[in-house]
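Raw input.cif, mmCIF, C-alpha atoms and all ligand atoms:
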```
data_model
loop_
_atom_site.group_PDB
_atom_site.id
_atom_site.type_symbol
_atom_site.label_atom_id
_atom_site.label_comp_id
_atom_site.auth_asym_id
_atom_site.auth_seq_id
_atom_site.Cartn_x
_atom_site.Cartn_y
_atom_site.Cartn_z
ATOM 1 C CA MET S 185 118.631 89.291 99.703
ATOM 2 C CA LYS S 186 118.014 91.358 96.585
ATOM 3 C CA LEU S 187 116.343 90.345 93.349
ATOM 4 C CA ASP S 188 116.814 91.891 89.927
ATOM 5 C CA PRO S 189 113.533 91.688 87.981
ATOM 6 C CA GLN S 190 115.457 92.003 84.683
ATOM 7 C CA THR S 191 116.930 88.524 85.181
ATOM 8 C CA MET S 192 113.772 86.774 86.459
ATOM 9 C CA ASP S 193 111.369 84.546 84.529
ATOM 10 C CA PHE S 194 107.576 84.785 84.609
ATOM 11 C CA ARG S 195 107.077 82.276 87.415
ATOM 12 C CA ASP S 196 109.569 83.948 89.735
ATOM 13 C CA LEU S 197 108.203 87.413 88.972
ATOM 14 C CA HIS S 198 104.695 86.155 89.710
ATOM 15 C CA HIS S 199 105.862 84.677 93.013
ATOM 16 C CA LEU S 200 107.607 87.922 93.907
ATOM 17 C CA LEU S 201 104.646 90.208 93.241
ATOM 18 C CA ALA S 202 101.788 87.917 94.285
ATOM 19 C CA GLY S 203 103.743 86.741 97.321
ATOM 20 C CA ALA S 204 104.538 90.257 98.489
ATOM 21 C CA ILE S 205 101.297 92.056 97.701
ATOM 22 C CA VAL S 206 99.143 90.271 100.267
ATOM 23 C CA PRO S 207 96.412 89.880 101.247
ATOM 24 C CA ARG S 208 94.755 90.703 97.931
ATOM 25 C CA PRO S 209 91.014 91.304 97.721
ATOM 26 C CA ILE S 210 89.047 89.022 95.415
ATOM 27 C CA ALA S 211 86.274 90.179 93.103
ATOM 28 C CA LEU S 212 83.977 88.092 90.987
ATOM 29 C CA VAL S 213 83.819 89.956 87.694
ATOM 30 C CA SER S 214 80.750 89.168 85.626
ATOM 31 C CA THR S 215 80.364 89.859 81.913
ATOM 32 C CA VAL S 216 78.314 88.682 78.976
ATOM 33 C CA GLY S 217 79.761 87.504 75.661
ATOM 34 C CA THR S 218 78.659 88.413 72.140
ATOM 35 C CA ASN S 219 77.362 84.799 72.116
ATOM 36 C CA GLY S 220 75.022 85.702 75.014
ATOM 37 C CA VAL S 221 76.851 83.448 77.486
ATOM 38 C CA GLN S 222 77.085 84.911 80.991
ATOM 39 C CA ASN S 223 80.587 84.690 82.396
ATOM 40 C CA VAL S 224 82.001 85.104 85.893
ATOM 41 C CA ALA S 225 85.664 84.926 86.968
ATOM 42 C CA PRO S 226 87.563 85.612 90.201
ATOM 43 C CA LEU S 227 90.166 88.380 89.945
ATOM 44 C CA SER S 228 92.462 89.460 92.745
ATOM 45 C CA SER S 229 93.835 92.401 90.771
ATOM 46 C CA ILE S 230 90.865 94.561 91.777
ATOM 47 C CA SER S 231 91.691 98.017 93.113
ATOM 48 C CA ILE S 232 90.402 101.556 93.502
ATOM 49 C CA ALA S 233 91.819 103.949 90.897
ATOM 50 C CA SER S 234 89.807 107.010 91.897
ATOM 51 C CA VAL S 235 87.093 107.848 94.406
ATOM 52 C CA MET S 236 85.521 110.880 92.712
ATOM 53 C CA PRO S 237 84.847 110.004 89.968
ATOM 54 C CA PRO S 238 84.546 106.402 91.179
ATOM 55 C CA MET S 239 86.957 104.279 89.134
ATOM 56 C CA VAL S 240 88.118 100.718 89.694
ATOM 57 C CA THR S 241 90.860 98.739 87.972
ATOM 58 C CA ILE S 242 91.196 95.072 87.124
ATOM 59 C CA SER S 243 94.002 93.326 85.282
ATOM 60 C CA LEU S 244 93.607 90.333 82.990
ATOM 61 C CA SER S 245 96.564 88.236 81.935
ATOM 62 C CA THR S 246 96.618 86.041 78.843
ATOM 63 C CA ARG S 247 96.734 82.239 79.111
ATOM 64 C CA ARG S 248 100.466 81.600 78.637
ATOM 65 C CA ARG S 249 100.046 77.851 78.236
ATOM 66 C CA ARG S 250 97.546 78.476 75.442
ATOM 67 C CA ALA S 251 99.770 80.684 73.292
ATOM 68 C CA GLY S 252 98.560 83.838 75.003
ATOM 69 C CA GLU S 253 94.843 83.285 74.432
ATOM 70 C CA GLN S 254 92.618 86.052 75.873
ATOM 71 C CA LYS S 255 90.400 85.152 78.820
ATOM 72 C CA ASP S 256 86.641 85.321 78.268
ATOM 73 C CA THR S 257 86.323 88.153 80.786
ATOM 74 C CA LEU S 258 88.679 90.382 78.800
ATOM 75 C CA ARG S 259 87.177 89.450 75.445
ATOM 76 C CA ASN S 260 83.686 90.222 76.746
ATOM 77 C CA ILE S 261 84.713 93.563 78.282
ATOM 78 C CA LEU S 262 86.507 94.701 75.122
ATOM 79 C CA ALA S 263 83.428 93.836 73.054
ATOM 80 C CA SER S 264 80.719 95.235 75.345
ATOM 81 C CA LYS S 265 82.689 97.866 77.335
ATOM 82 C CA GLU S 266 80.704 96.694 80.379
ATOM 83 C CA PHE S 267 81.271 94.542 83.446
ATOM 84 C CA VAL S 268 80.108 94.104 87.027
ATOM 85 C CA VAL S 269 82.513 93.924 89.977
ATOM 86 C CA ASN S 270 80.956 91.738 92.687
ATOM 87 C CA VAL S 271 82.752 92.196 96.006
ATOM 88 C CA PRO S 272 83.933 90.961 98.327
ATOM 89 C CA VAL S 273 84.065 87.206 97.919
ATOM 90 C CA THR S 274 82.798 85.910 101.264
ATOM 91 C CA GLU S 275 83.529 82.672 103.100
ATOM 92 C CA SER S 276 80.232 81.183 101.929
ATOM 93 C CA MET S 277 81.101 82.028 98.303
ATOM 94 C CA ALA S 278 84.666 80.688 98.487
ATOM 95 C CA LEU S 279 84.101 77.250 96.970
ATOM 96 C CA ALA S 280 82.050 78.575 94.047
ATOM 97 C CA MET S 281 84.601 81.356 93.491
ATOM 98 C CA ASN S 282 87.450 78.854 93.352
ATOM 99 C CA LEU S 283 85.486 76.712 90.869
ATOM 100 C CA ALA S 284 84.820 79.787 88.703
ATOM 101 C CA GLY S 285 88.599 80.218 88.401
ATOM 102 C CA ALA S 286 88.904 76.982 86.404
ATOM 103 C CA GLU S 287 89.172 77.107 82.615
ATOM 104 C CA TYR S 288 85.858 76.572 80.871
ATOM 105 C CA PRO S 289 85.213 76.867 77.135
ATOM 106 C CA SER S 290 83.617 80.184 76.062
ATOM 107 C CA HIS S 291 80.226 78.563 75.405
ATOM 108 C CA VAL S 292 79.997 77.328 79.015
ATOM 109 C CA SER S 293 78.614 79.706 81.658
ATOM 110 C CA GLU S 294 80.475 79.619 84.981
ATOM 111 C CA PHE S 295 77.160 80.473 86.636
ATOM 112 C CA ALA S 296 75.789 77.056 85.651
ATOM 113 C CA GLU S 297 79.045 75.315 86.624
ATOM 114 C CA THR S 298 79.428 76.926 90.052
ATOM 115 C CA GLY S 299 75.868 77.471 91.291
ATOM 116 C CA LEU S 300 76.400 81.238 91.583
ATOM 117 C CA THR S 301 73.196 83.102 90.751
ATOM 118 C CA PRO S 302 73.037 85.668 87.930
ATOM 119 C CA ILE S 303 70.555 88.523 88.391
ATOM 120 C CA PRO S 304 69.951 91.447 86.009
ATOM 121 C CA ALA S 305 71.811 94.715 86.525
ATOM 122 C CA ASP S 306 70.117 98.086 85.955
ATOM 123 C CA LEU S 307 72.400 99.801 83.473
ATOM 124 C CA VAL S 308 74.620 97.141 81.900
ATOM 125 C CA GLN S 309 73.895 93.878 80.099
ATOM 126 C CA ALA S 310 76.332 91.921 82.280
ATOM 127 C CA PRO S 311 74.626 90.080 85.147
ATOM 128 C CA MET S 312 75.292 90.679 88.827
ATOM 129 C CA VAL S 313 76.188 87.862 91.240
ATOM 130 C CA ALA S 314 73.249 87.596 93.669
ATOM 131 C CA GLU S 315 75.388 86.136 96.476
ATOM 132 C CA ALA S 316 77.795 89.103 96.622
ATOM 133 C CA PRO S 317 77.359 91.790 99.317
ATOM 134 C CA VAL S 318 78.093 94.557 96.798
ATOM 135 C CA SER S 319 77.812 94.732 93.007
ATOM 136 C CA LEU S 320 79.313 97.636 91.082
ATOM 137 C CA GLU S 321 78.020 98.169 87.563
ATOM 138 C CA CYS S 322 80.950 99.455 85.496
ATOM 139 C CA ARG S 323 81.686 100.892 82.076
ATOM 140 C CA MET S 324 85.193 100.537 80.678
ATOM 141 C CA VAL S 325 86.789 103.951 80.179
ATOM 142 C CA HIS S 326 90.496 103.091 79.685
ATOM 143 C CA MET S 327 92.602 100.126 78.706
ATOM 144 C CA LEU S 328 96.369 99.692 78.945
ATOM 145 C CA GLU S 329 98.447 96.717 77.752
ATOM 146 C CA PHE S 330 101.776 95.452 79.126
ATOM 147 C CA GLY S 331 104.126 92.778 77.792
ATOM 148 C CA GLU S 332 104.241 90.657 74.674
ATOM 149 C CA LEU S 333 102.540 87.443 73.670
ATOM 150 C CA PRO S 334 102.220 84.894 75.151
ATOM 151 C CA SER S 335 102.313 87.006 78.314
ATOM 152 C CA VAL S 336 100.206 90.149 77.935
ATOM 153 C CA SER S 337 98.435 91.832 80.837
ATOM 154 C CA THR S 338 95.606 94.257 80.200
ATOM 155 C CA LEU S 339 94.661 96.829 82.791
ATOM 156 C CA ILE S 340 91.039 97.898 82.543
ATOM 157 C CA VAL S 341 89.757 101.044 84.205
ATOM 158 C CA GLY S 342 86.019 101.018 84.810
ATOM 159 C CA GLN S 343 83.756 103.838 85.905
ATOM 160 C CA VAL S 344 81.246 102.755 88.539
ATOM 161 C CA LEU S 345 77.796 103.605 87.192
ATOM 162 C CA ARG S 346 75.705 102.152 90.006
ATOM 163 C CA ALA S 347 76.247 100.295 93.275
ATOM 164 C CA HIS S 348 73.966 97.606 94.698
ATOM 165 C CA ILE S 349 74.371 96.742 98.381
ATOM 166 C CA LYS S 350 72.633 94.002 100.348
ATOM 167 C CA ASP S 351 70.591 95.667 103.110
ATOM 168 C CA GLU S 352 72.121 93.442 105.802
ATOM 169 C CA PHE S 353 75.532 95.041 105.116
ATOM 170 C CA PHE S 354 74.402 98.658 105.250
ATOM 171 C CA ALA S 355 73.801 100.432 108.566
ATOM 172 C CA ASP S 356 74.320 103.911 110.023
ATOM 173 C CA GLY S 357 74.751 105.312 106.529
ATOM 174 C CA GLN S 358 77.693 103.123 105.595
ATOM 175 C CA LEU S 359 78.852 99.703 104.515
ATOM 176 C CA GLN S 360 79.501 97.211 107.319
ATOM 177 C CA SER S 361 82.496 95.450 105.758
ATOM 178 C CA SER S 362 83.532 93.732 108.971
ATOM 179 C CA ARG S 363 80.259 91.769 108.929
ATOM 180 C CA MET S 364 80.838 90.398 105.437
ATOM 181 C CA GLN S 365 83.299 87.600 106.264
ATOM 182 C CA ALA S 366 85.356 88.586 103.252
ATOM 183 C CA ILE S 367 88.192 86.341 102.158
ATOM 184 C CA GLY S 368 91.467 87.425 100.610
ATOM 185 C CA ARG S 369 94.326 85.818 98.758
ATOM 186 C CA LEU S 370 97.911 85.271 99.821
ATOM 187 C CA LEU S 371 100.327 83.918 97.169
ATOM 188 C CA GLU S 372 98.103 80.877 96.489
ATOM 189 C CA PRO S 373 96.096 80.150 99.662
ATOM 190 C CA TYR S 374 93.202 82.180 100.974
ATOM 191 C CA CYS S 375 92.745 84.037 104.249
ATOM 192 C CA ARG S 376 89.770 85.140 106.345
ATOM 193 C CA THR S 377 88.991 88.554 107.823
ATOM 194 C CA ARG S 378 87.554 87.357 111.153
ATOM 195 C CA ASP S 379 90.302 88.861 113.264
ATOM 196 C CA ILE S 380 89.811 92.608 112.998
ATOM 197 C CA PHE S 381 91.468 95.448 114.905
ATOM 198 C CA ASP S 382 91.355 99.231 114.754
ATOM 199 C CA PHE S 383 93.232 102.320 115.881
ATOM 200 C CA LYS S 384 91.087 105.117 117.193
ATOM 201 C CA VAL S 385 92.885 107.762 115.163
ATOM 202 C CA GLU S 386 91.013 110.580 113.461
ATOM 203 C CA TYR S 387 92.087 111.341 109.919
ATOM 204 C CA THR S 388 90.538 113.193 107.056
ATOM 205 C CA LEU S 389 89.925 111.903 103.568
HETATM 206 C C1 LIG I 401 91.489 83.987 93.664
HETATM 207 C C2 LIG I 401 91.817 84.123 92.205
HETATM 208 C C3 LIG I 401 92.269 85.340 91.717
HETATM 209 C C4 LIG I 401 92.565 85.500 90.367
HETATM 210 N N1 LIG I 401 92.988 86.722 89.913
HETATM 211 C C5 LIG I 401 93.222 86.906 88.589
HETATM 212 C C6 LIG I 401 93.588 88.196 88.085
HETATM 213 O O1 LIG I 401 93.682 89.191 88.809
HETATM 214 N N2 LIG I 401 93.812 88.316 86.746
HETATM 215 C C7 LIG I 401 93.697 87.250 85.891
HETATM 216 O O2 LIG I 401 93.920 87.401 84.676
HETATM 217 N N3 LIG I 401 93.337 86.011 86.347
HETATM 218 C C8 LIG I 401 93.090 85.829 87.663
HETATM 219 N N4 LIG I 401 92.694 84.605 88.125
HETATM 220 C C9 LIG I 401 92.522 83.504 87.170
HETATM 221 C C10 LIG I 401 91.183 83.596 86.427
HETATM 222 O O3 LIG I 401 90.087 83.597 87.331
HETATM 223 C C11 LIG I 401 91.063 82.380 85.494
HETATM 224 O O4 LIG I 401 92.073 82.478 84.500
HETATM 225 C C12 LIG I 401 89.713 82.190 84.851
HETATM 226 O O5 LIG I 401 89.719 80.951 84.165
HETATM 227 C C13 LIG I 401 89.355 83.279 83.849
HETATM 228 O O6 LIG I 401 88.081 82.967 83.364
HETATM 229 P P1 LIG I 401 87.453 83.533 82.028
HETATM 230 O O7 LIG I 401 88.197 82.895 80.854
HETATM 231 O O8 LIG I 401 86.035 83.095 82.118
HETATM 232 O O9 LIG I 401 87.622 85.024 82.027
HETATM 233 C C14 LIG I 401 92.411 84.412 89.484
HETATM 234 C C15 LIG I 401 91.950 83.177 89.974
HETATM 235 C C16 LIG I 401 91.655 83.051 91.312
HETATM 236 C C17 LIG I 401 91.136 81.712 91.810
#
```
What is this file in structure tokens?
Ligand SMILES: Cc1cc2nc3c(=O)[nH]c(=O)nc-3n(C[C@H](O)[C@H](O)[C@H](O)COP(=O)(O)O)c2cc1C
Amino acid sequence: MKLDPQTMDFRDLHHLLAGAIVPRPIALVSTVGTNGVQNVAPLSSISIASVMPPMVTISLSTRRRRAGEQKDTLRNILASKEFVVNVPVTESMALAMNLAGAEYPSHVSEFAETGLTPIPADLVQAPMVAEAPVSLECRMVHMLEFGELPSVSTLIVGQVLRAHIKDEFFADGQLQSSRMQAIGRLLEPYCRTRDIFDFKVEYTL
């Protein structure tokens, strides 16, 4: 079977890309609005853009059913140029993460709605999520838009200014990701990372 993206609508294109690019990591991205409200949203579009300098990317789509309204996360990042990437979402954070993905009005903080705990970051105004194994304080350095209203996606590139790691996940000089019980996303459902394997192959970075 072959598909021609030129002839596909939004839903089918979403199913194609989000169904094929699996499992996707999930980050909780925290920001603060010009109204002072602390915001947190799950994003599975998190990726590494560069290691040195350390750059991460996230992508925010507009709300198609609301005439292409911008999400709070994007609005806050464009205004403050700051955000925190809290990763990975773990099994114990899954329910709160899923709740944070619901639509709340801008004056409502997802921290209050979900029970996730905001704690101050060092270098940015956006809060960190206390429950996350790792929090990356980021400053926006690039922004790229795709599409037309009501369906615009904005790719944000953030430079990692500081990393916070929970001590229990750091040993022998490195992160112990396999201990984190990270979850990922398939098309819609979630998956666990309990079943881990490795190849003893040496390679250089
Ligand atoms: C697991 C998961 C992954 C998501 N990934 C994205 C994403 O990469 N980009 C995006 O725009 N929305 C994504 N969403 C939807 C947003 O979390 C959702 O639209 C949320 O309401 C945005 O909140 P905000 O308005 O506070 O920014 C995801 C939702 C879930 C549950």
**Message:** Can you pull out the residues contacting S:Leu320? Cut-off 9 Å, using all atoms listed in the file, and skip same-chain residues under 5 positions away; I want them as a ChimeraX atom specification.
**Reply:** /S:267-271,312,344-349
How about saving the chosen residues, C-alpha atoms kept, as a compact mmCIF listing (two decimals), in the coordinates of the input?
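What landed in again.txt:
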```txt
# COMPACT_ATOMS: atom_id res chain seq x y z
CA PHE S 267 81.27 94.54 83.45
CA VAL S 268 80.11 94.10 87.03
CA VAL S 269 82.51 93.92 89.98
CA ASN S 270 80.96 91.74 92.69
CA VAL S 271 82.75 92.20 96.01
CA MET S 312 75.29 90.68 88.83
CA VAL S 344 81.25 102.76 88.54
CA LEU S 345 77.80 103.60 87.19
CA ARG S 346 75.70 102.15 90.01
CA ALA S 347 76.25 100.30 93.28
CA HIS S 348 73.97 97.61 94.70
CA ILE S 349 74.37 96.74 98.38
```
**Message:** At a cut-off of 8 Å and counting all atoms listed in the file, what residues surround ligand LIG 401 (chain I)? Please answer as a ChimeraX atom specification.
**Reply:** /S:210-211,223-230,242-247,254-259,281-290,294,337,368-369,372,374
Which residues match the PyMOL selection byres (((chain S and resi 196-207) around 12) and not hetatm) in the file above, as a PDB file with C-alpha atoms, in the frame of the given file?
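Printed below is result.pdb as written:
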```
ATOM      1  CA  LYS S 186     118.014  91.358  96.585  1.00  0.00           C
ATOM      2  CA  LEU S 187     116.343  90.345  93.349  1.00  0.00           C
ATOM      3  CA  ASP S 188     116.814  91.891  89.927  1.00  0.00           C
ATOM      4  CA  PRO S 189     113.533  91.688  87.981  1.00  0.00           C
ATOM      5  CA  GLN S 190     115.457  92.003  84.683  1.00  0.00           C
ATOM      6  CA  THR S 191     116.930  88.524  85.181  1.00  0.00           C
ATOM      7  CA  MET S 192     113.772  86.774  86.459  1.00  0.00           C
ATOM      8  CA  ASP S 193     111.369  84.546  84.529  1.00  0.00           C
ATOM      9  CA  PHE S 194     107.576  84.785  84.609  1.00  0.00           C
ATOM     10  CA  ARG S 195     107.077  82.276  87.415  1.00  0.00           C
ATOM     11  CA  ARG S 208      94.755  90.703  97.931  1.00  0.00           C
ATOM     12  CA  PRO S 209      91.014  91.304  97.721  1.00  0.00           C
ATOM     13  CA  ILE S 210      89.047  89.022  95.415  1.00  0.00           C
ATOM     14  CA  SER S 228      92.462  89.460  92.745  1.00  0.00           C
ATOM     15  CA  SER S 229      93.835  92.401  90.771  1.00  0.00           C
ATOM     16  CA  ILE S 230      90.865  94.561  91.777  1.00  0.00           C
ATOM     17  CA  SER S 245      96.564  88.236  81.935  1.00  0.00           C
ATOM     18  CA  SER S 335     102.313  87.006  78.314  1.00  0.00           C
ATOM     19  CA  ALA S 366      85.356  88.586 103.252  1.00  0.00           C
ATOM     20  CA  ILE S 367      88.192  86.341 102.158  1.00  0.00           C
ATOM     21  CA  GLY S 368      91.467  87.425 100.610  1.00  0.00           C
ATOM     22  CA  ARG S 369      94.326  85.818  98.758  1.00  0.00           C
ATOM     23  CA  LEU S 370      97.911  85.271  99.821  1.00  0.00           C
ATOM     24  CA  LEU S 371     100.327  83.918  97.169  1.00  0.00           C
ATOM     25  CA  GLU S 372      98.103  80.877  96.489  1.00  0.00           C
ATOM     26  CA  PRO S 373      96.096  80.150  99.662  1.00  0.00           C
ATOM     27  CA  TYR S 374      93.202  82.180 100.974  1.00  0.00           C
ATOM     28  CA  CYS S 375      92.745  84.037 104.249  1.00  0.00           C
ATOM     29  CA  ARG S 376      89.770  85.140 106.345  1.00  0.00           C
ATOM     30  CA  THR S 377      88.991  88.554 107.823  1.00  0.00           C
TER      31      THR S 377
END
```
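Every protein or nucleic acid residue with an atom no more than 8 Å from S:Met239, counting all atoms listed in the file and leaving out same-chain residues fewer than 5 positions away, appears here: Ile232, Ala233, Ser234, Val341, Gly342, Gln343 and Val344 of chain S.
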**Request:** Extract, using only C-alpha atoms, all DNA, RNA and protein residues at most 12 Å from S:Gln360, discarding same-chain residues fewer than 3 positions from it, and format them as JSON, numbers by chain.
**Result:** {"S": [272, 317, 318, 349, 350, 351, 352, 353, 354, 355, 356, 357, 363, 364, 365, 366]}
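We find atom CA of S:Glu321 and atom CA of S:Ser214 to be spaced 9.6 Å apart.
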**Complete:** Of S:Leu333, S:Glu315, S:Asn219, S:Gly299, the one nearest to S:Glu253 when counting all atoms listed in the file is S:Leu333
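Taking atom CA of S:Ala305 and atom CA of S:Cys322 as the two end points, the separation is 10.3 Å.
Shortest separation to S:Ala310 among S:Gln358, S:Ser264, S:Thr388, S:Thr241 occurs at residue S:Ser264, atoms counted being all atoms listed in the file.
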Per-axis box centre and lengths in Å around stretch 210-225 of chain S, 4 Å margin per side, axis-aligned, as lines of an AutoDock Vina configuration file:
```
center_x = 82.0
center_y = 86.8
center_z = 83.8
size_x = 22.0
size_y = 14.7
size_z = 31.3
```
